[in-house]
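*Asks:* Below is upload_20.cif; it holds mmCIF, C-alpha atoms and all ligand atoms.
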```cif
data_coords
#
loop_
_atom_site.group_PDB
_atom_site.id
_atom_site.type_symbol
_atom_site.label_atom_id
_atom_site.label_comp_id
_atom_site.auth_asym_id
_atom_site.auth_seq_id
_atom_site.Cartn_x
_atom_site.Cartn_y
_atom_site.Cartn_z
ATOM 1 C CA MET A 19 -60.924 -70.156 53.099
ATOM 2 C CA ALA A 20 -57.310 -69.126 52.931
ATOM 3 C CA LEU A 21 -56.381 -65.497 52.868
ATOM 4 C CA ALA A 22 -54.663 -65.900 49.516
ATOM 5 C CA VAL A 23 -57.839 -67.186 47.926
ATOM 6 C CA GLN A 24 -59.931 -64.471 49.536
ATOM 7 C CA TYR A 25 -57.430 -61.938 48.334
ATOM 8 C CA GLY A 26 -57.670 -63.342 44.820
ATOM 9 C CA HIS A 27 -61.456 -62.967 44.902
ATOM 10 C CA LEU A 28 -61.194 -59.480 46.299
ATOM 11 C CA ARG A 29 -58.749 -58.464 43.677
ATOM 12 C CA THR A 30 -60.861 -59.897 40.861
ATOM 13 C CA LEU A 31 -64.034 -58.251 42.137
ATOM 14 C CA ILE A 32 -62.433 -54.887 42.619
ATOM 15 C CA SER A 33 -60.547 -55.055 39.346
ATOM 16 C CA GLU A 34 -63.757 -55.859 37.475
ATOM 17 C CA GLY A 35 -65.699 -53.202 39.349
ATOM 18 C CA TYR A 36 -63.213 -50.515 38.575
ATOM 19 C CA ALA A 37 -62.156 -51.754 35.154
ATOM 20 C CA ALA A 38 -63.506 -48.712 33.353
ATOM 21 C CA ARG A 39 -61.715 -46.249 35.548
ATOM 22 C CA SER A 40 -58.176 -45.059 35.364
ATOM 23 C CA ARG A 41 -55.729 -46.265 37.973
ATOM 24 C CA ASN A 42 -56.816 -45.216 41.407
ATOM 25 C CA GLY A 43 -55.906 -45.663 45.011
ATOM 26 C CA VAL A 44 -57.522 -49.060 45.251
ATOM 27 C CA HIS A 45 -55.622 -50.381 42.281
ATOM 28 C CA GLU A 46 -52.408 -48.918 43.590
ATOM 29 C CA LEU A 47 -52.932 -50.628 46.911
ATOM 30 C CA LEU A 48 -53.779 -53.952 45.292
ATOM 31 C CA ASP A 49 -50.774 -53.742 42.996
ATOM 32 C CA PHE A 50 -48.516 -52.897 45.892
ATOM 33 C CA GLU A 51 -49.796 -55.780 48.033
ATOM 34 C CA THR A 52 -49.653 -58.218 45.119
ATOM 35 C CA ALA A 53 -46.046 -57.276 44.397
ATOM 36 C CA ARG A 54 -45.041 -57.226 48.064
ATOM 37 C CA ILE A 55 -46.455 -60.690 48.695
ATOM 38 C CA ALA A 56 -44.902 -62.094 45.502
ATOM 39 C CA ALA A 57 -41.499 -60.687 46.488
ATOM 40 C CA GLU A 58 -41.741 -62.166 49.971
ATOM 41 C CA HIS A 59 -42.653 -65.594 48.653
ATOM 42 C CA LEU A 60 -39.937 -65.564 46.026
ATOM 43 C CA THR A 61 -37.353 -64.589 48.600
ATOM 44 C CA ASP A 62 -38.480 -67.483 50.802
ATOM 45 C CA VAL A 63 -38.052 -69.798 47.812
ATOM 46 C CA HIS A 64 -34.637 -68.312 47.044
ATOM 47 C CA GLU A 65 -33.443 -68.866 50.616
ATOM 48 C CA ALA A 66 -34.765 -72.426 50.647
ATOM 49 C CA LEU A 67 -32.983 -73.161 47.364
ATOM 50 C CA GLU A 68 -29.752 -71.685 48.727
ATOM 51 C CA ASN A 69 -30.042 -74.154 51.600
ATOM 52 C CA GLY A 70 -30.399 -77.139 49.297
ATOM 53 C CA GLY A 71 -34.153 -77.083 48.951
ATOM 54 C CA GLY A 72 -35.860 -78.480 45.884
ATOM 55 C CA VAL A 73 -38.748 -77.591 43.617
ATOM 56 C CA SER A 74 -40.975 -79.832 41.529
ATOM 57 C CA GLY A 75 -43.753 -79.478 39.004
ATOM 58 C CA PRO A 76 -44.004 -78.366 35.391
ATOM 59 C CA ALA A 77 -43.127 -74.781 36.346
ATOM 60 C CA ALA A 78 -40.236 -75.734 38.660
ATOM 61 C CA ARG A 79 -37.562 -74.131 36.495
ATOM 62 C CA ARG A 80 -39.618 -71.001 36.072
ATOM 63 C CA LEU A 81 -40.011 -70.712 39.852
ATOM 64 C CA ILE A 82 -36.264 -71.196 40.394
ATOM 65 C CA ASN A 83 -35.467 -68.527 37.831
ATOM 66 C CA ALA A 84 -38.084 -66.174 39.254
ATOM 67 C CA ALA A 85 -36.677 -66.576 42.777
ATOM 68 C CA GLY A 86 -33.177 -65.718 41.522
ATOM 69 C CA THR A 87 -34.372 -62.745 39.501
ATOM 70 C CA GLU A 88 -36.460 -61.340 42.333
ATOM 71 C CA HIS A 89 -33.548 -61.694 44.738
ATOM 72 C CA ARG A 90 -31.167 -59.851 42.410
ATOM 73 C CA ARG A 91 -33.602 -57.064 41.575
ATOM 74 C CA PHE A 92 -35.544 -56.520 44.802
ATOM 75 C CA GLY A 93 -34.037 -58.623 47.579
ATOM 76 C CA GLY A 94 -37.510 -59.437 48.857
ATOM 77 C CA MET A 95 -38.277 -55.808 49.610
ATOM 78 C CA ILE A 96 -41.006 -53.911 47.823
ATOM 79 C CA THR A 97 -41.270 -50.529 49.501
ATOM 80 C CA THR A 98 -42.454 -48.200 46.724
ATOM 81 C CA THR A 99 -45.202 -48.279 44.128
ATOM 82 C CA ARG A 100 -42.542 -47.878 41.460
ATOM 83 C CA GLN A 101 -40.911 -51.109 42.617
ATOM 84 C CA ALA A 102 -44.306 -52.781 42.745
ATOM 85 C CA HIS A 103 -45.081 -51.798 39.174
ATOM 86 C CA SER A 104 -41.631 -52.875 38.058
ATOM 87 C CA LEU A 105 -42.095 -56.329 39.578
ATOM 88 C CA LEU A 106 -45.600 -56.748 38.196
ATOM 89 C CA ALA A 107 -44.420 -55.656 34.745
ATOM 90 C CA ASP A 108 -42.206 -58.736 34.594
ATOM 91 C CA PRO A 109 -44.506 -61.671 33.781
ATOM 92 C CA ALA A 110 -41.921 -64.124 35.111
ATOM 93 C CA LEU A 111 -42.289 -62.632 38.602
ATOM 94 C CA ASN A 112 -46.070 -62.888 38.747
ATOM 95 C CA VAL A 113 -46.052 -65.755 41.214
ATOM 96 C CA PHE A 114 -49.019 -66.463 43.483
ATOM 97 C CA HIS A 115 -49.131 -68.702 46.505
ATOM 98 C CA ASN A 116 -52.039 -71.126 46.653
ATOM 99 C CA SER A 117 -51.978 -72.388 50.215
ATOM 100 C CA GLU A 118 -55.173 -74.414 49.749
ATOM 101 C CA ALA A 119 -53.561 -76.478 47.003
ATOM 102 C CA PHE A 120 -50.021 -76.390 48.480
ATOM 103 C CA LEU A 121 -48.331 -74.856 45.448
ATOM 104 C CA PHE A 122 -47.008 -71.785 43.728
ATOM 105 C CA CYS A 123 -48.823 -70.606 40.634
ATOM 106 C CA ASN A 124 -46.242 -69.250 38.188
ATOM 107 C CA TYR A 125 -48.927 -67.448 36.335
ATOM 108 C CA ASP A 126 -48.789 -67.642 32.582
ATOM 109 C CA ARG A 127 -52.184 -66.744 31.291
ATOM 110 C CA ALA A 128 -51.751 -68.740 28.083
ATOM 111 C CA LYS A 129 -51.192 -71.926 30.097
ATOM 112 C CA ALA A 130 -53.741 -71.317 32.854
ATOM 113 C CA LEU A 131 -56.442 -73.951 33.290
ATOM 114 C CA CYS A 132 -58.448 -72.085 35.945
ATOM 115 C CA HIS A 133 -60.236 -69.784 33.541
ATOM 116 C CA PRO A 134 -60.254 -71.521 30.192
ATOM 117 C CA SER A 135 -62.571 -68.892 28.770
ATOM 118 C CA ARG A 136 -59.486 -66.677 28.647
ATOM 119 C CA GLY A 137 -61.479 -63.786 30.017
ATOM 120 C CA PRO A 138 -60.085 -60.424 30.997
ATOM 121 C CA GLN A 139 -58.488 -61.656 34.218
ATOM 122 C CA THR A 140 -54.863 -60.781 34.693
ATOM 123 C CA ILE A 141 -54.590 -62.898 37.814
ATOM 124 C CA PRO A 142 -55.254 -66.602 38.326
ATOM 125 C CA SER A 143 -58.448 -67.959 39.875
ATOM 126 C CA LEU A 144 -56.730 -69.725 42.753
ATOM 127 C CA ASP A 145 -59.963 -71.246 44.000
ATOM 128 C CA ARG A 146 -60.382 -73.009 40.653
ATOM 129 C CA CYS A 147 -56.823 -74.316 40.486
ATOM 130 C CA ARG A 148 -56.401 -77.526 38.475
ATOM 131 C CA PRO A 149 -53.812 -80.123 39.508
ATOM 132 C CA ASN A 150 -52.651 -80.669 35.921
ATOM 133 C CA CYS A 151 -51.881 -77.012 35.157
ATOM 134 C CA ALA A 152 -48.490 -76.246 33.600
ATOM 135 C CA ASN A 153 -48.080 -73.247 35.912
ATOM 136 C CA ILE A 154 -47.676 -75.352 39.067
ATOM 137 C CA ALA A 155 -44.482 -75.586 41.120
ATOM 138 C CA ARG A 156 -44.076 -77.068 44.595
ATOM 139 C CA THR A 157 -41.376 -76.645 47.196
ATOM 140 C CA ASP A 158 -40.131 -79.019 49.881
ATOM 141 C CA GLU A 159 -42.185 -77.011 52.357
ATOM 142 C CA HIS A 160 -45.333 -77.691 50.369
ATOM 143 C CA ALA A 161 -44.516 -81.411 50.301
ATOM 144 C CA SER A 162 -44.074 -81.406 54.089
ATOM 145 C CA GLN A 163 -47.370 -79.553 54.544
ATOM 146 C CA ILE A 164 -49.093 -82.067 52.283
ATOM 147 C CA GLU A 165 -47.656 -84.984 54.269
ATOM 148 C CA ASP A 166 -48.743 -83.385 57.550
ATOM 149 C CA THR A 167 -52.248 -82.813 56.209
ATOM 150 C CA ALA A 168 -52.472 -86.393 54.917
ATOM 151 C CA ALA A 169 -51.388 -87.677 58.333
ATOM 152 C CA GLU A 170 -54.045 -85.542 60.029
ATOM 153 C CA LEU A 171 -56.721 -86.867 57.694
ATOM 154 C CA ARG A 172 -55.680 -90.460 58.384
ATOM 155 C CA ALA A 173 -55.774 -89.789 62.117
ATOM 156 C CA GLN A 174 -59.284 -88.357 61.785
ATOM 157 C CA ALA A 175 -60.314 -91.336 59.679
ATOM 158 C CA GLY A 176 -59.157 -93.645 62.466
ATOM 159 C CA SER A 177 -61.664 -92.239 64.931
ATOM 160 C CA PRO A 178 -64.209 -94.873 66.002
ATOM 161 C CA LEU A 179 -66.826 -92.115 66.119
ATOM 162 C CA LEU A 180 -66.636 -91.447 62.399
ATOM 163 C CA PRO A 181 -69.109 -93.170 60.032
ATOM 164 C CA ALA A 182 -67.308 -95.620 57.734
ATOM 165 C CA PRO A 183 -68.147 -93.806 54.444
ATOM 166 C CA LEU A 184 -66.775 -90.547 55.805
ATOM 167 C CA ALA A 185 -63.650 -92.267 57.088
ATOM 168 C CA ASP A 186 -63.147 -93.820 53.650
ATOM 169 C CA ARG A 187 -63.430 -90.424 51.998
ATOM 170 C CA LEU A 188 -60.828 -88.972 54.355
ATOM 171 C CA ARG A 189 -58.455 -91.863 53.611
ATOM 172 C CA GLN A 190 -58.971 -91.376 49.868
ATOM 173 C CA LYS A 191 -58.195 -87.698 50.211
ATOM 174 C CA ALA A 192 -55.106 -88.530 52.282
ATOM 175 C CA ASP A 193 -53.927 -90.996 49.617
ATOM 176 C CA HIS A 194 -54.521 -88.408 46.915
ATOM 177 C CA LEU A 195 -52.492 -85.809 48.798
ATOM 178 C CA ALA A 196 -49.734 -88.273 49.627
ATOM 179 C CA GLN A 197 -49.347 -88.927 45.928
ATOM 180 C CA PHE A 198 -48.568 -85.241 45.321
ATOM 181 C CA ALA A 199 -45.928 -85.315 48.048
ATOM 182 C CA ALA A 200 -44.386 -88.534 46.702
ATOM 183 C CA GLU A 201 -44.237 -87.052 43.206
ATOM 184 C CA HIS A 202 -42.453 -84.026 44.633
ATOM 185 C CA ARG A 203 -39.897 -86.159 46.509
ATOM 186 C CA THR A 204 -39.018 -88.162 43.389
ATOM 187 C CA SER A 205 -38.934 -85.329 40.861
ATOM 188 C CA ARG A 206 -37.649 -82.301 42.788
ATOM 189 C CA ILE A 207 -34.759 -80.376 41.294
ATOM 190 C CA THR A 208 -32.267 -78.207 43.115
ATOM 191 C CA VAL A 209 -30.213 -75.201 42.081
ATOM 192 C CA ASP A 210 -27.052 -77.345 41.962
ATOM 193 C CA GLU A 211 -28.704 -79.764 39.566
ATOM 194 C CA GLU A 212 -29.861 -76.845 37.466
ATOM 195 C CA HIS A 213 -26.312 -75.518 37.130
ATOM 196 C CA SER A 214 -24.486 -78.851 36.774
HETATM 197 S S1 LIG B 301 -54.928 -73.564 37.397
HETATM 198 FE FE1 LIG B 301 -52.862 -72.926 36.839
HETATM 199 S S2 LIG B 301 -53.006 -70.725 36.464
HETATM 200 FE FE2 LIG B 301 -54.829 -71.325 37.612
HETATM 201 S S3 LIG B 301 -54.309 -71.006 39.794
HETATM 202 FE FE3 LIG B 301 -53.801 -73.134 39.311
HETATM 203 S S4 LIG B 301 -51.623 -73.109 38.718
HETATM 204 FE FE4 LIG B 301 -52.407 -70.992 38.603
#
```
Would you mind writing the file's structure down as structure tokens?
*Replies:*
Amino acid sequence: MALAVQYGHLRTLISEGYAARSRNGVHELLDFETARIAAEHLTDVHEALENGGGVSGPAARRLINAAGTEHRRFGGMITTTRQAHSLLADPALNVFHNSEAFLFCNYDRAKALCHPSRGPQTIPSLDRCRPNCANIARTDEHASQIEDTAAELRAQAGSPLLPAPLADRLRQKADHLAQFAAEHRTSRITVDEEHS
């Protein structure tokens, strides 16, 4: 399981466990790490966009705007808890990387499909991510990772040692993934297009 997903679980468990208490060291640490990771990811997106990279998905414009805002305000560097709180206080900058699903979650609780009960969570349930969520944005890097993963699955499916039903399942999964990548390639927008 990816670190990001584990981190999401950890954060949820700890947040629930300590919900009745005032802010403490654990919360401070989690807030700091959440903000630091978000800033790093948004700076990566900003740099990719500056180099002509594209973003797709229903939250593509939100991700582009978030990357620009983070760059102007923090430059990818969160070094104090005050900065961390400042970043987290801006809902537009609450961006989570879901490496398992190859996407960025531009978390808007009202749109989130991963916890439809609308419980007390203030972070997404990355391990329950839904492909049709309006908070999804993908970068060119995600599309490349998806294509690489699909190619690996097809290579595994081609093994003569694999039972036919299992090989079929791998090919289906590869086709499913390839569709995400193809959608990205045809619908991606760039910063230039945004400003033209
Ligand atoms: S379902 Fe939506 S809100 Fe939940 S993790 Fe996925 S993109 Fe984020």
*Asks:* Once the PyMOL selection byres (((not hetatm)) within 8 of (chain B and resi 301)) is applied to the coordinates I shared, what remains selected? I want it as JSON, numbers by chain.
*Replies:* {"A": [114, 116, 121, 122, 123, 124, 125, 126, 127, 129, 130, 131, 132, 133, 142, 143, 144, 145, 146, 147, 148, 149, 150, 151, 152, 153, 154, 155]}
*Asks:* Take the residues from that selection and put them in a file with C-alpha atoms, as a compact mmCIF listing (two decimals), keeping the file's coordinate frame.
*Replies:*
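Output file selection-v2.txt follows:
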```txt
# COMPACT_ATOMS: atom_id res chain seq x y z
CA PHE A 114 -49.02 -66.46 43.48
CA ASN A 116 -52.04 -71.13 46.65
CA LEU A 121 -48.33 -74.86 45.45
CA PHE A 122 -47.01 -71.78 43.73
CA CYS A 123 -48.82 -70.61 40.63
CA ASN A 124 -46.24 -69.25 38.19
CA TYR A 125 -48.93 -67.45 36.34
CA ASP A 126 -48.79 -67.64 32.58
CA ARG A 127 -52.18 -66.74 31.29
CA LYS A 129 -51.19 -71.93 30.10
CA ALA A 130 -53.74 -71.32 32.85
CA LEU A 131 -56.44 -73.95 33.29
CA CYS A 132 -58.45 -72.08 35.94
CA HIS A 133 -60.24 -69.78 33.54
CA PRO A 142 -55.25 -66.60 38.33
CA SER A 143 -58.45 -67.96 39.88
CA LEU A 144 -56.73 -69.72 42.75
CA ASP A 145 -59.96 -71.25 44.00
CA ARG A 146 -60.38 -73.01 40.65
CA CYS A 147 -56.82 -74.32 40.49
CA ARG A 148 -56.40 -77.53 38.48
CA PRO A 149 -53.81 -80.12 39.51
CA ASN A 150 -52.65 -80.67 35.92
CA CYS A 151 -51.88 -77.01 35.16
CA ALA A 152 -48.49 -76.25 33.60
CA ASN A 153 -48.08 -73.25 35.91
CA ILE A 154 -47.68 -75.35 39.07
CA ALA A 155 -44.48 -75.59 41.12
```
*Asks:* Which polymer residues have any atom within 6 Å of an atom of Thr208 (chain A), counting only C-alpha atoms, with same-chain residues fewer than 2 positions away left out, as a list in words?
*Replies:* Gly72, Asp210 and Glu211 of chain A
*Asks:* Between CA of Glu65 (chain A) and CA of Thr87 (chain A), what is the distance in Å, rounded to a tenth?
*Replies:* 12.7 Å
*Asks:* Point out the residue among A:Asn69, A:Thr167, A:Gln101, A:Ser135 with the least atom-to-atom distance to Leu188 (chain A), counting all atoms listed in the file.
*Replies:* A:Thr167
*Asks:* Would you place a box with edges along x, y and z of the file around all atoms of region 153-160 of chain A listed there, add 4 Å to each of its six sides, and report the centre and edge lengths in Å to one decimal, as lines of an AutoDock Vina configuration file?
*Replies:*
```
center_x = -44.1
center_y = -76.1
center_z = 44.1
size_x = 15.9
size_y = 13.8
size_z = 24.4
```
*Asks:* On this structure, the PyMOL selection byres (((chain A and resi 189) around 9) and not hetatm) would catch which residues? List them as a list in words, sorted by chain and number.
*Replies:*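 Output of the PyMOL selection byres (((chain A and resi 189) around 9) and not hetatm): Ala168, Leu171, Arg172, Gln174, Ala175, Leu184, Ala185, Asp186, Arg187, Leu188, Gln190, Lys191, Ala192, Asp193 and His194 of chain A.
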*Asks:* Pick from A:Thr99, A:Ser177, A:Thr204, A:Thr140: nearest to Arg54 (chain A), with all atoms listed in the file counted?
*Replies:* A:Thr99
*Asks:* How far is it from CA of Ala110 (chain A) to CA of Arg80 (chain A), in Å with one decimal?
*Replies:* 7.3 Å
*Asks:* Any idea what the distance is between CA of Leu47 (chain A) and CA of Leu105 (chain A)?
*Replies:*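 Distance reported for this atom pair: 14.3 Å.
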*Asks:* Which of these residues is nearest to Leu106 (chain A), using all atoms listed in the file: A:Ala182, A:Leu195, A:Ala56, A:Val44?
*Replies:*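 Looking at the shortest contact to Leu106 (chain A), the residue is A:Ala56.
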*Asks:* With distances taken over only C-alpha atoms, which residue among A:His59, A:His45, A:Arg206, A:Arg90 lies nearest Thr157 (chain A)?
*Replies:*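 Using only C-alpha atoms, Thr157 (chain A) sits closest to A:Arg206.
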*Asks:* With a distance cut-off of 10 Å and only C-alpha atoms, select the neighbouring residues of Ser162 (chain A), excluding the residue or stretch itself and same-chain residues fewer than 6 positions from it, and output the selection as a list in words.
*Replies:*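 These residues fall inside the cut-off: Phe120, Ala168, Ala196, Ala199, His202 and Arg203 of chain A.
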*Asks:* What residues come out when you apply the PyMOL selection byres (((chain A and resi 88) around 12) and not hetatm) to this file, written as an MDAnalysis selection string?
*Replies:* chainID A and resid 53:65 80:87 89:96 101:102 104:106 108:113
*Asks:* What would region 142-159 of chain A look like with N, CA and C atoms in place, written as a PDB file, in the coordinates of the input?
*Replies:*
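The file below, rebuild-v3.pdb, is the result:
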```pdb
ATOM      1  N   PRO A 142     -54.635 -65.270  38.374  1.00  0.00           N
ATOM      2  CA  PRO A 142     -55.254 -66.602  38.326  1.00  0.00           C
ATOM      3  C   PRO A 142     -56.450 -66.699  39.265  1.00  0.00           C
ATOM      4  N   SER A 143     -57.330 -67.654  38.978  1.00  0.00           N
ATOM      5  CA  SER A 143     -58.448 -67.959  39.875  1.00  0.00           C
ATOM      6  C   SER A 143     -57.990 -69.091  40.790  1.00  0.00           C
ATOM      7  N   LEU A 144     -57.353 -68.714  41.891  1.00  0.00           N
ATOM      8  CA  LEU A 144     -56.730 -69.725  42.753  1.00  0.00           C
ATOM      9  C   LEU A 144     -57.733 -70.738  43.275  1.00  0.00           C
ATOM     10  N   ASP A 145     -58.972 -70.318  43.472  1.00  0.00           N
ATOM     11  CA  ASP A 145     -59.963 -71.246  44.000  1.00  0.00           C
ATOM     12  C   ASP A 145     -60.443 -72.240  42.937  1.00  0.00           C
ATOM     13  N   ARG A 146     -60.024 -72.052  41.704  1.00  0.00           N
ATOM     14  CA  ARG A 146     -60.382 -73.009  40.653  1.00  0.00           C
ATOM     15  C   ARG A 146     -59.121 -73.672  40.093  1.00  0.00           C
ATOM     16  N   CYS A 147     -58.106 -73.748  40.909  1.00  0.00           N
ATOM     17  CA  CYS A 147     -56.823 -74.316  40.486  1.00  0.00           C
ATOM     18  C   CYS A 147     -56.987 -75.773  40.073  1.00  0.00           C
ATOM     19  N   ARG A 148     -56.332 -76.151  38.986  1.00  0.00           N
ATOM     20  CA  ARG A 148     -56.401 -77.526  38.475  1.00  0.00           C
ATOM     21  C   ARG A 148     -55.050 -78.214  38.686  1.00  0.00           C
ATOM     22  N   PRO A 149     -55.081 -79.449  39.177  1.00  0.00           N
ATOM     23  CA  PRO A 149     -53.812 -80.123  39.508  1.00  0.00           C
ATOM     24  C   PRO A 149     -52.924 -80.422  38.314  1.00  0.00           C
ATOM     25  N   ASN A 150     -53.464 -80.364  37.102  1.00  0.00           N
ATOM     26  CA  ASN A 150     -52.651 -80.669  35.921  1.00  0.00           C
ATOM     27  C   ASN A 150     -52.201 -79.416  35.178  1.00  0.00           C
ATOM     28  N   CYS A 151     -52.256 -78.263  35.829  1.00  0.00           N
ATOM     29  CA  CYS A 151     -51.881 -77.012  35.157  1.00  0.00           C
ATOM     30  C   CYS A 151     -50.359 -76.914  35.011  1.00  0.00           C
ATOM     31  N   ALA A 152     -49.927 -76.387  33.883  1.00  0.00           N
ATOM     32  CA  ALA A 152     -48.490 -76.246  33.600  1.00  0.00           C
ATOM     33  C   ALA A 152     -47.849 -75.117  34.392  1.00  0.00           C
ATOM     34  N   ASN A 153     -48.636 -74.361  35.129  1.00  0.00           N
ATOM     35  CA  ASN A 153     -48.080 -73.247  35.912  1.00  0.00           C
ATOM     36  C   ASN A 153     -47.714 -73.644  37.344  1.00  0.00           C
ATOM     37  N   ILE A 154     -47.868 -74.908  37.677  1.00  0.00           N
ATOM     38  CA  ILE A 154     -47.676 -75.352  39.067  1.00  0.00           C
ATOM     39  C   ILE A 154     -46.207 -75.646  39.380  1.00  0.00           C
ATOM     40  N   ALA A 155     -45.774 -75.180  40.551  1.00  0.00           N
ATOM     41  CA  ALA A 155     -44.482 -75.586  41.120  1.00  0.00           C
ATOM     42  C   ALA A 155     -44.675 -75.787  42.617  1.00  0.00           C
ATOM     43  N   ARG A 156     -43.987 -76.797  43.153  1.00  0.00           N
ATOM     44  CA  ARG A 156     -44.076 -77.068  44.595  1.00  0.00           C
ATOM     45  C   ARG A 156     -42.687 -77.090  45.214  1.00  0.00           C
ATOM     46  N   THR A 157     -42.636 -76.644  46.450  1.00  0.00           N
ATOM     47  CA  THR A 157     -41.376 -76.645  47.196  1.00  0.00           C
ATOM     48  C   THR A 157     -41.378 -77.802  48.205  1.00  0.00           C
ATOM     49  N   ASP A 158     -40.213 -78.005  48.826  1.00  0.00           N
ATOM     50  CA  ASP A 158     -40.131 -79.019  49.881  1.00  0.00           C
ATOM     51  C   ASP A 158     -41.110 -78.700  51.003  1.00  0.00           C
ATOM     52  N   GLU A 159     -41.267 -77.406  51.285  1.00  0.00           N
ATOM     53  CA  GLU A 159     -42.185 -77.011  52.357  1.00  0.00           C
ATOM     54  C   GLU A 159     -43.615 -77.430  52.020  1.00  0.00           C
TER      55      GLU A 159
END
```
